[in-house]
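Have a look at the structure below before the remarks.
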Protein chains: 2
Amino acid sequence: MALKLEPGTRLVVATHNPGKARELAEILEGRFQLVAAGELGLPEPDETETTFVGNALLKARAAADASGMIALADDSGLSVKALDGAPGIFSARWAGPEKDFAMAMRKVEERLEEVGADDLSAWFTSALAVAWPHGPAVVVEGEVHGVLSFPPRGDKGFGYDPIFLPEGLEQTFGEMAPEAKDGMSHRARAFVKLKAALL
Amino acid sequence: MALKLEPGTRLVVATHNPGKARELAEILEGRFQLVAAGELGLPEPDETETTFVGNALLKARAAADASGMIALADDSGLSVKALDGAPGIFSARWAGPEKDFAMAMRKVEERLEEVGADDLSAWFTSALAVAWPHGPAVVVEGEVHGVLSFPPRGDKGFGYDPIFLPEGLEQTFGEMAPEAKDGMSHRARAFVKLKAALL
């Protein structure tokens with residue numbers, strides 16, 4: 001035997017973030033039957049791990065074991081070089097319970113001013129985990145590198161997208177059409193690895 | 001494609017614990033060419049995760065990326081019901097830098113006396129992770145349930161084995177012949193799942 005995801009498999013998508021759920025649906029484009037964890041009434045586990053892969057696994061494992069179905073989870077975030085990788089796995093938490101990313105982006109800008117950073121390098125990471133109920137789990141990671149740009153620009157994407165300029169491009173992730181972002185994003189790059197591993 | 005481990009593959013075993021390395025070698029019995037992480041001079045990463053699977057992945061990932069070879073890591077420990085799962089992922093740390101498991105076992109006994117526990121239920125968990133260099137990783141978990149028994153008995157096995165009586169048996173893991181322990185241990189059960197997933 002070997003680990004494999006058959007096309008058309010029903011997958012629980014273990015995210016309660018609508019932006020992520022939409023992007024995963026775009027990227028997986030009809031390969032699988034996606035069911036949202038929220039639709040199944042699955043609880044949102046606490047993200048107690050210290051890495052993206054740890055948290056992605058924890059979420060996929062919880063959803064798979066609770067639903068009895070194969071589950072897919074994403075854990076992702078923005079890491080800023082001059083802030084020693086912050087906000088990193090705390091990216092969503094910087095936005096607070098209100099998920100106020102305008103505030104979170106201001107916080108990034110303020111911290112950069114505090115440390116007097118010249119280097120605005122940053123990268124997005126996405127860990128994608130697939131877990132079989134009470135069985136094995138697979139995890140991959142994708143990254144996209146770029147620089148931060150203030151003030152935020154664009155109302156597409158979600159999270160920190162409006163301040164992230166991918167390397168060599170002039171539009172922020174917040175300004176790019178979904179098809180353009182989906183072609184180069186950290187999430188898309190992680191999915192390429194997942195596909196190479198499991199499809 | 002599908003994730004698969006071909007028999008005969010060279011695998012780095014990412015453990016610096018000789019007891020674990022020996023048991024993994026016994027369990028893998030000639031299926032793979034095992035290379036110890038220590039032999040390659042790979043550093044031992046800090047186990048910063050909060051779960052067995054998280055730490056197993058972290059060790060496999062570090063060894064795979066540093067060596068360029070597929071890596072296998074184990075993270076395991078003893079969880080005691082009356083101690084809310086302690087020592088759990090801190091099992092090795094309870095033995096201190098000297099790896100003094102006689103002391104660690106006394107600590108378990110003292111804690112049980114402090115809480116006045118009647119229920120001596122406990123279980124061993126092993127998470128096994130396989131990571132491809134800069135690629136995907138697979139992780140599985142195996143458990144074996146039993147009860148604690150004091151004083152420690154037997155000089156086989158390692159770690160907390162002398163105080164662990166597997167369910168329904170009268171010998172501690174410390175008293176059992178390696179072949180007997182390897183047939184039923186948490187590590188062997190995890191390997192059965194890994195085999196089902198990858199072989």
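How things are named: the first chain in the structure tokens is A, the next is B, and so on; residues count from 1 in each chain; ligands count from 1 in the order shown.
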
Residue list for chain A near chain B as a list in words, 6 Å, only C-alpha atoms |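 The selection requested is Met1, Ala2, Leu3, Lys4, Glu49, Thr50, Gly54, Pro136, Ala137, Val138, Val139, Val140, Ala197, Leu198 and Leu199 of chain A.
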
The selected residues should be written to file as a PDB file, in the first residue's frame (atoms: N, CA and C atoms).
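Final output, saved to again30.pdb:
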ATOM      1  N   MET A   1       0.830  -1.205   0.000  1.00  0.00           N
ATOM      2  CA  MET A   1       0.000   0.000   0.000  1.00  0.00           C
ATOM      3  C   MET A   1       0.863   1.253   0.000  1.00  0.00           C
ATOM      4  N   ALA A   2       0.265   2.334  -0.371  1.00  0.00           N
ATOM      5  CA  ALA A   2       0.968   3.617  -0.311  1.00  0.00           C
ATOM      6  C   ALA A   2      -0.090   4.675  -0.075  1.00  0.00           C
ATOM      7  N   LEU A   3       0.313   5.740   0.574  1.00  0.00           N
ATOM      8  CA  LEU A   3      -0.641   6.808   0.868  1.00  0.00           C
ATOM      9  C   LEU A   3      -1.056   7.498  -0.410  1.00  0.00           C
ATOM     10  N   LYS A   4      -2.336   7.640  -0.603  1.00  0.00           N
ATOM     11  CA  LYS A   4      -2.818   8.220  -1.844  1.00  0.00           C
ATOM     12  C   LYS A   4      -4.191   8.872  -1.625  1.00  0.00           C
ATOM     13  N   GLU A  49       0.215  24.355  19.016  1.00  0.00           N
ATOM     14  CA  GLU A  49       1.559  23.971  18.573  1.00  0.00           C
ATOM     15  C   GLU A  49       2.428  25.193  18.319  1.00  0.00           C
ATOM     16  N   THR A  50       3.703  24.930  18.091  1.00  0.00           N
ATOM     17  CA  THR A  50       4.661  26.037  17.962  1.00  0.00           C
ATOM     18  C   THR A  50       5.131  26.249  16.530  1.00  0.00           C
ATOM     19  N   GLY A  54       2.872  21.862  12.798  1.00  0.00           N
ATOM     20  CA  GLY A  54       2.256  21.306  14.010  1.00  0.00           C
ATOM     21  C   GLY A  54       0.782  21.688  14.105  1.00  0.00           C
ATOM     22  N   PRO A 136      -2.799   7.671   9.515  1.00  0.00           N
ATOM     23  CA  PRO A 136      -1.622   8.512   9.275  1.00  0.00           C
ATOM     24  C   PRO A 136      -2.009   9.933   8.870  1.00  0.00           C
ATOM     25  N   ALA A 137      -1.028  10.784   8.848  1.00  0.00           N
ATOM     26  CA  ALA A 137      -1.219  12.153   8.395  1.00  0.00           C
ATOM     27  C   ALA A 137      -0.013  12.548   7.561  1.00  0.00           C
ATOM     28  N   VAL A 138      -0.251  13.425   6.603  1.00  0.00           N
ATOM     29  CA  VAL A 138       0.815  13.914   5.725  1.00  0.00           C
ATOM     30  C   VAL A 138       0.834  15.429   5.833  1.00  0.00           C
ATOM     31  N   VAL A 139       2.017  16.003   5.829  1.00  0.00           N
ATOM     32  CA  VAL A 139       2.075  17.463   5.924  1.00  0.00           C
ATOM     33  C   VAL A 139       3.153  18.017   5.009  1.00  0.00           C
ATOM     34  N   VAL A 140       2.871  19.135   4.377  1.00  0.00           N
ATOM     35  CA  VAL A 140       3.825  19.805   3.481  1.00  0.00           C
ATOM     36  C   VAL A 140       3.790  21.301   3.797  1.00  0.00           C
ATOM     37  N   ALA A 197       3.033  14.516  -3.654  1.00  0.00           N
ATOM     38  CA  ALA A 197       3.121  13.441  -2.661  1.00  0.00           C
ATOM     39  C   ALA A 197       1.957  12.470  -2.746  1.00  0.00           C
ATOM     40  N   LEU A 198       0.776  12.963  -3.005  1.00  0.00           N
ATOM     41  CA  LEU A 198      -0.419  12.138  -2.771  1.00  0.00           C
ATOM     42  C   LEU A 198      -1.336  11.902  -3.973  1.00  0.00           C
ATOM     43  N   LEU A 199      -1.100  12.584  -5.086  1.00  0.00           N
ATOM     44  CA  LEU A 199      -2.090  12.427  -6.188  1.00  0.00           C
ATOM     45  C   LEU A 199      -1.551  11.589  -7.335  1.00  0.00           C
TER      46      LEU A 199
END

Give me the residues within 9 Å of A:Pro45 as number ranges by chain, counting only C-alpha atoms and dropping any in the same chain fewer than 4 places off.
-> A: 58-59, 62-63

For A:Asp100, the nearest of the candidates A:Gly8, A:Gly19, A:Gly68, A:Gly159, counting only C-alpha atoms =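 Of all the options, A:Gly159 lies closest to A:Asp100.
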
Just give me the gap between atom CA of A:Glu167 and atom CA of A:Val144 in Å, one decimal is fine.
-> 8.2 Å

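By only C-alpha atoms, and with residues fewer than 3 positions from A:His16 along its chain excluded, the set lying at most 8 Å from it is Ala21, Ala36, Ala37, Gly38 and Glu44 of chain A.
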
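Atom CA of B:Ser67 sits 18.5 Å away from atom CA of B:Glu6.
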
Nearby residues (only C-alpha atoms) at most 7 Å from stretch 78-87 of chain A, same-chain spacing under 2 positions excluded, as a compact mmCIF listing (two decimals) with N, CA and C atoms, in the first residue's frame:
# COMPACT_ATOMS: atom_id res chain seq x y z
N ILE A 89 3.33 32.14 13.47
CA ILE A 89 2.15 31.32 13.82
C ILE A 89 1.11 32.13 14.60
N PHE A 90 1.48 33.33 15.04
CA PHE A 90 0.51 34.17 15.76
C PHE A 90 -0.18 35.17 14.84
N SER A 91 -0.04 35.00 13.53
CA SER A 91 -0.58 35.97 12.57
C SER A 91 -2.06 36.24 12.80
N ALA A 117 13.58 49.30 11.29
CA ALA A 117 14.01 48.35 10.26
C ALA A 117 14.14 49.00 8.89
N ASP A 119 15.17 46.75 6.36
CA ASP A 119 14.88 45.57 5.55
C ASP A 119 13.42 45.15 5.78
N LEU A 120 12.61 45.25 4.73
CA LEU A 120 11.19 44.93 4.87
C LEU A 120 10.85 43.54 4.32
N SER A 121 11.86 42.69 4.20
CA SER A 121 11.62 41.32 3.69
C SER A 121 10.62 40.58 4.58
N ALA A 122 9.76 39.80 3.92
CA ALA A 122 8.77 39.02 4.65
C ALA A 122 8.39 37.83 3.80
N TRP A 123 7.79 36.86 4.40
CA TRP A 123 7.31 35.71 3.63
C TRP A 123 6.05 35.13 4.25
N PHE A 124 5.22 34.61 3.37
CA PHE A 124 4.05 33.86 3.83
C PHE A 124 4.39 32.38 3.82
N THR A 125 3.92 31.66 4.81
CA THR A 125 4.07 30.20 4.87
C THR A 125 2.68 29.57 4.96
